[in-house]
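Next comes protein.txt, a file with compact mmCIF, C-alpha atoms.
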# COMPACT_ATOMS: atom_id res chain seq x y z
CA SER A 1 1.53 11.66 -11.52
CA ILE A 2 2.87 12.48 -8.07
CA TYR A 3 5.78 14.25 -9.76
CA SER A 4 3.44 16.58 -11.63
CA ASN A 5 1.57 17.36 -8.42
CA SER A 6 4.64 18.14 -6.32
CA SER A 7 7.04 21.04 -5.92
CA PRO A 8 8.62 22.59 -7.93
CA ARG A 9 6.44 21.59 -10.92
CA LEU A 10 3.32 22.50 -8.97
CA ALA A 11 3.85 25.82 -7.20
CA THR A 12 1.04 25.24 -4.70
CA SER A 13 2.57 22.03 -3.31
CA ARG A 14 4.91 22.16 -0.33
CA TYR A 15 6.48 18.75 -0.98
CA ALA A 16 8.99 17.58 -3.59
CA ALA A 17 9.08 14.10 -5.09
CA LYS A 18 11.48 11.61 -6.62
CA MET A 19 10.31 8.80 -8.89
CA TYR A 20 11.26 5.16 -8.44
CA ALA A 21 10.20 2.07 -10.34
CA LEU A 22 10.11 -1.27 -8.54
CA VAL A 23 10.84 -3.79 -11.27
CA HIS A 24 10.75 -7.57 -11.06
CA PRO A 25 13.84 -9.25 -12.60
CA ASP A 26 11.62 -10.79 -15.30
CA ALA A 27 10.75 -7.26 -16.47
CA LYS A 28 14.21 -5.72 -16.27
CA ALA A 29 14.55 -5.56 -20.06
CA CYS A 30 11.39 -3.44 -20.23
CA SER A 31 12.57 -0.79 -17.76
CA ASP A 32 14.82 1.32 -19.98
CA GLU A 33 11.95 3.55 -21.09
CA LEU A 34 11.12 4.32 -17.45
CA ARG A 35 14.74 5.27 -16.83
CA ARG A 36 14.60 7.68 -19.77
CA LEU A 37 11.51 9.24 -18.18
CA GLY A 38 13.48 9.96 -15.01
CA TYR A 39 12.69 6.96 -12.81
CA ASP A 40 15.30 5.49 -10.47
CA ILE A 41 15.04 1.80 -11.38
CA ARG A 42 15.11 -0.69 -8.50
CA VAL A 43 15.20 -4.31 -9.68
CA VAL A 44 13.87 -6.32 -6.74
CA PRO A 45 12.97 -9.98 -6.22
CA THR A 46 9.73 -11.30 -4.80
CA PRO A 47 10.21 -10.83 -1.01
CA VAL A 48 9.30 -14.48 -0.28
CA ARG A 49 9.89 -17.42 -2.60
CA VAL A 50 6.74 -19.45 -3.19
CA GLU A 51 8.46 -22.66 -2.09
CA ASP A 52 9.28 -21.03 1.27
CA ILE A 53 5.62 -20.29 2.13
CA GLN A 54 4.57 -22.57 4.97
CA GLY A 55 0.80 -22.45 4.48
CA GLN A 56 -0.13 -25.14 1.96
CA PHE A 57 -3.07 -23.38 0.31
CA LEU A 58 -1.20 -20.12 -0.28
CA ARG A 59 1.94 -21.95 -1.43
CA GLU A 60 -0.02 -23.99 -3.98
CA HIS A 61 -2.29 -21.20 -5.28
CA VAL A 62 -0.73 -17.74 -4.99
CA ALA A 63 1.38 -18.03 -8.15
CA ASN A 64 -1.73 -18.60 -10.29
CA THR A 65 -4.14 -16.03 -8.88
CA GLY A 66 -4.81 -12.36 -9.61
CA CYS A 67 -2.97 -10.50 -12.32
CA CYS A 68 0.60 -11.22 -11.31
CA GLY A 69 0.72 -14.12 -8.88
CA GLU A 70 3.34 -13.84 -6.13
CA LYS A 71 5.15 -11.09 -8.09
CA GLU A 72 2.52 -8.65 -6.78
CA PHE A 73 4.40 -8.69 -3.45
CA ILE A 74 7.32 -6.70 -4.91
CA LYS A 75 5.22 -3.61 -4.13
CA LEU A 76 6.18 -4.12 -0.48
CA TRP A 77 9.75 -3.05 -1.30
CA ALA A 78 8.35 0.50 -1.13
CA TYR A 79 8.83 0.12 2.64
CA ASP A 80 12.57 -0.18 1.99
CA LEU A 81 12.99 3.31 0.48
CA MET A 82 14.46 4.57 3.73
CA ASP A 83 15.92 7.79 2.29
CA HIS A 84 12.44 9.32 2.33
CA ALA A 85 9.99 10.21 5.10
CA ILE A 86 6.97 9.20 2.98
CA VAL A 87 6.54 6.92 -0.01
CA VAL A 88 3.53 6.90 -2.34
CA HIS A 89 3.23 3.58 -4.13
CA LEU A 90 1.29 3.83 -7.39
CA ASP A 91 0.68 1.39 -10.21
CA LEU A 92 1.51 2.85 -13.62
CA ASP A 93 -2.20 3.03 -14.51
CA TYR A 94 -3.00 5.25 -11.52
CA LEU A 95 -3.84 8.90 -12.19
CA VAL A 96 -3.18 11.62 -9.58
CA LEU A 97 -5.13 14.82 -10.23
CA ARG A 98 -4.36 16.90 -7.12
CA PRO A 99 -1.46 17.24 -4.66
CA LEU A 100 -1.56 15.00 -1.58
CA ASP A 101 -0.10 17.59 0.79
CA ASP A 102 -2.84 17.17 3.40
CA LEU A 103 -2.05 13.46 3.68
CA TYR A 104 1.65 14.20 4.01
CA ASP A 105 1.03 16.87 6.67
CA VAL A 106 -0.62 14.28 8.89
CA MET A 107 2.21 11.78 8.50
CA VAL A 108 5.02 14.25 9.21
CA ALA A 109 3.17 15.44 12.32
CA GLY A 110 4.38 12.34 14.16
CA ARG A 111 2.59 11.74 17.46
CA ASP A 112 0.12 14.52 16.61
CA GLY A 113 -0.83 12.82 13.35
CA LYS A 114 -4.25 11.43 14.30
CA ARG A 115 -5.25 14.68 15.97
CA LEU A 116 -4.33 16.60 12.81
CA LEU A 117 -6.13 13.99 10.70
CA ARG A 118 -9.34 14.58 12.64
CA ASP A 119 -8.95 18.33 12.15
CA LYS A 120 -8.51 17.90 8.40
CA ILE A 121 -11.49 15.54 8.16
CA ARG A 122 -13.67 18.10 9.95
CA ALA A 123 -12.42 20.80 7.59
CA GLY A 124 -13.24 18.67 4.55
CA LYS A 125 -9.60 18.49 3.43
CA ILE A 126 -9.42 14.70 3.77
CA GLN A 127 -12.36 12.45 2.95
CA VAL A 128 -12.70 9.07 4.67
CA HIS A 129 -15.17 6.26 4.07
CA ASP A 130 -17.71 5.79 6.83
CA GLY A 131 -18.61 2.11 6.81
CA PRO A 132 -18.53 -1.04 8.94
CA TRP A 133 -14.82 -1.62 8.27
CA SER A 134 -13.75 2.01 8.76
CA GLU A 135 -11.70 3.32 11.63
CA LYS A 136 -13.88 5.39 13.95
CA TYR A 137 -11.98 8.65 14.16
CA PHE A 138 -14.36 10.56 16.40
CA GLU A 139 -15.61 7.95 18.85
CA GLU A 140 -15.03 8.55 22.54
CA GLY A 141 -11.64 7.15 23.42
CA ALA A 142 -10.30 7.36 19.86
CA GLN A 143 -6.55 7.01 20.15
CA ASP A 144 -3.99 9.65 19.30
CA GLY A 145 -0.62 8.89 17.75
CA PRO A 146 1.10 8.77 14.37
CA VAL A 147 -0.47 7.85 11.04
CA ASP A 148 1.84 5.45 9.23
CA ALA A 149 -0.14 4.62 6.08
CA TYR A 150 -3.21 5.31 3.96
CA PHE A 151 -5.02 2.96 1.61
CA THR A 152 -8.35 2.86 -0.19
CA ARG A 153 -10.75 -0.06 -0.50
CA ASP A 154 -11.54 -1.53 -3.93
CA TYR A 155 -15.25 -2.31 -3.70
CA ASN A 156 -15.47 -3.20 -7.39
CA MET A 157 -13.35 -6.28 -6.63
CA ALA A 158 -15.52 -7.54 -3.76
CA HIS A 159 -17.40 -10.78 -4.30
CA HIS A 160 -21.18 -10.53 -4.60
CA GLY A 161 -22.85 -10.93 -1.21
CA LYS A 162 -19.57 -10.54 0.72
CA LYS A 163 -18.94 -7.53 2.96
CA GLN A 164 -15.14 -7.64 2.84
CA ALA A 165 -13.26 -5.65 0.20
CA GLY A 166 -9.52 -5.58 -0.37
CA VAL A 167 -7.36 -2.55 -0.79
CA GLN A 168 -6.90 -0.85 -4.15
CA GLY A 169 -3.62 -2.47 -5.12
CA GLY A 170 -2.38 0.53 -7.08
CA PHE A 171 -2.33 3.03 -4.21
CA LEU A 172 -0.59 2.97 -0.83
CA VAL A 173 0.88 5.93 1.05
CA LEU A 174 3.31 4.68 3.68
CA ARG A 175 6.07 5.51 6.11
CA PRO A 176 9.18 3.50 5.12
CA SER A 177 10.13 0.99 7.79
CA HIS A 178 12.44 -2.01 7.84
CA PRO A 179 10.51 -3.58 10.75
CA ALA A 180 7.22 -3.19 8.85
CA PHE A 181 8.75 -4.78 5.74
CA GLU A 182 10.10 -7.70 7.77
CA GLU A 183 6.70 -8.17 9.42
CA TYR A 184 5.05 -8.38 6.01
CA VAL A 185 7.67 -10.92 4.91
CA ALA A 186 7.00 -13.02 8.02
CA LEU A 187 3.23 -12.92 7.38
CA ILE A 188 3.65 -14.08 3.79
CA ARG A 189 6.17 -16.78 4.71
CA LYS A 190 3.80 -18.13 7.39
CA GLY A 191 1.05 -18.15 4.76
CA ASP A 192 -1.90 -18.21 7.14
CA PHE A 193 -4.50 -17.89 4.38
CA LEU A 194 -7.70 -19.93 4.51
CA PRO A 195 -9.74 -20.51 1.32
CA GLY A 196 -12.93 -18.48 1.38
CA LYS A 197 -11.93 -16.80 4.66
CA GLY A 198 -8.71 -14.97 3.81
CA TRP A 199 -5.67 -14.02 5.86
CA GLY A 200 -5.90 -15.29 9.40
CA GLY A 201 -9.38 -16.58 8.59
CA ILE A 202 -10.80 -13.05 8.92
CA GLY A 203 -9.73 -11.15 5.81
CA GLY A 204 -12.40 -12.45 3.48
CA ALA A 205 -12.42 -13.52 -0.15
CA PHE A 206 -12.12 -11.06 -3.05
CA TYR A 207 -10.01 -10.50 -6.14
CA GLY A 208 -6.34 -10.39 -5.11
CA ALA A 209 -7.08 -11.58 -1.57
CA GLN A 210 -4.01 -13.85 -1.50
CA GLN A 211 -1.76 -11.04 -2.63
CA PHE A 212 -1.10 -7.38 -1.93
CA GLN A 213 -4.80 -6.46 -1.89
CA GLY A 214 -5.42 -8.87 0.98
CA VAL A 215 -2.24 -8.85 3.04
CA VAL A 216 -2.17 -5.04 3.42
CA PRO A 217 -5.49 -4.70 5.28
CA TYR A 218 -4.64 -7.82 7.31
CA PHE A 219 -1.34 -6.19 8.34
If you took the structure in this file and wrote it as structure tokens, what would it be?
Amino acid sequence: SIYSNSSPRLATSRYAAKMYALVHPDAKACSDELRRLGYDIRVVPTPVRVEDIQGQFLREHVANTGCCGEKEFIKLWAYDLMDHAIVVHLDLDYLVLRPLDDLYDVMVAGRDGKRLLRDKIRAGKIQVHDGPWSEKYFEEGAQDGPVDAYFTRDYNMAHHGKKQAGVQGGFLVLRPSHPAFEEYVALIRKGDFLPGKGWGGIGGAFYGAQQFQGVVPYF
């Protein structure tokens, strides 16, 4: 876990961690064991009620797709943990084997974040995917500025013959932000999801496209 790969449990890490569990009200009765393990339990609702989604297709289908329907969006409450400079959202079945200090270094560097990211990529400390949907870190004119989030693509969930792949829904490193959370909420409430084409008609179709795995890369 992040806790096991952070200071003081891991002497080589320069960052400490606190554990939270984002729990849907339907699962509140199951959260006591997590509390005993040291998690700070946050019972949170789905950020947008299904009946409030304006887009007809998303409103009629999101509750019955993926593993968890619209409840998958509770992961976005990670953006509301404003007491921390960085939040690492993980599903419970996600295994962390090494500290993520290099990722954190880039985020706490502020305006120098992308410059430091390029340095760490060159040094082999951070690996990035080089593909058609990847950010081009070393092209002429590549912008400087802060790095506010990291995600990974889940190519196993892509549809055969389609080039788009969603994010791995169990991993998101982010900078907490009320404006970012509200922007996500507005996107979901608008519900601009087209069948077979995804969010905004550009996100593509893949497992979880209507939910967290699709709205994050669209954002």
Next on the checklist: Using all atoms listed in the file, which protein or nucleic acid residues come within 9 Å of Val50 of chain A? Drop anything in the same chain fewer than 6 positions from it, and give the result as number ranges by chain.
Outcome noted: A: 58-60, 62-63, 70, 189
Checklist outcome for this item: Nearest to Ala21 of chain A, restricted to all atoms listed in the file and choosing among A:Arg49, A:Arg175, A:Arg9, A:Lys75, comes out as A:Lys75
Checklist entry - Expressed in Å to a single decimal, how great is the separation between atom CA of Lys28 of chain A and atom CA of Val43 of chain A? => result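 Interatomic distance, atom CA of Lys28 of chain A to atom CA of Val43 of chain A: 6.8 Å.
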Checklist entry - Using all atoms listed in the file, which residue out of A:Leu116, A:Ile2, A:Ile74, A:Leu95 lies closest to Asp26 of chain A? => result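 The closest residue to Asp26 of chain A is A:Ile74.
Atom CA of Tyr20 of chain A sits 11.9 Å away from atom CA of Val44 of chain A.
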So that I can check the surroundings of Phe219 of chain A, please list as a PDB file with C-alpha atoms, keeping the file's coordinate frame every protein, DNA and RNA residue that reaches within 10 Å of it, counting only C-alpha atoms and ignoring chain neighbours fewer than 4 positions away.
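Heads up, here's the output in result22.pdb:
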ATOM      1  CA  ALA A 180       7.220  -3.190   8.850  1.00  0.00           C
ATOM      2  CA  GLU A 183       6.700  -8.170   9.420  1.00  0.00           C
ATOM      3  CA  TYR A 184       5.050  -8.380   6.010  1.00  0.00           C
ATOM      4  CA  LEU A 187       3.230 -12.920   7.380  1.00  0.00           C
ATOM      5  CA  TRP A 199      -5.670 -14.020   5.860  1.00  0.00           C
ATOM      6  CA  GLY A 214      -5.420  -8.870   0.980  1.00  0.00           C
ATOM      7  CA  VAL A 215      -2.240  -8.850   3.040  1.00  0.00           C
TER       8      VAL A 215
END
Checklist entry - Expressed in Å to a single decimal, how great is the separation between atom CA of Gln56 of chain A and atom CA of Pro195 of chain A? => result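 Computing it gives 10.7 Å between the two atoms.
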Next on the checklist: List as a ChimeraX atom specification the protein and nucleic acid residues near Gly196 of chain A, meaning an atom at most 12 Å away when all atoms listed in the file are counted, but skip any in the same chain fewer than 2 places from it.
Outcome noted: /A:57-58,159,162,164,193-194,198-207,209-210
Next on the checklist: I'd like the contact shell of Trp77 of chain A - 9 Å cut-off, all atoms listed in the file, skipping same-chain residues fewer than 6 positions apart - returned as a list in words.
Outcome noted: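 Residues meeting the cut-off are Leu22, Val44, Thr46, Pro47 and Phe181 of chain A.
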Next on the checklist: Taking all atoms listed in the file into account, name the residue in A:Arg98, A:Lys120, A:Val48, A:Glu33 that is nearest to Glu182 of chain A.
Outcome noted: A:Val48
Item to check | Among the residues A:Leu34, A:Phe73, A:His129, A:Val185, the one that comes closest to Tyr155 of chain A [using only C-alpha atoms] | outcome: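 Smallest distance to Tyr155 of chain A is found for A:His129.
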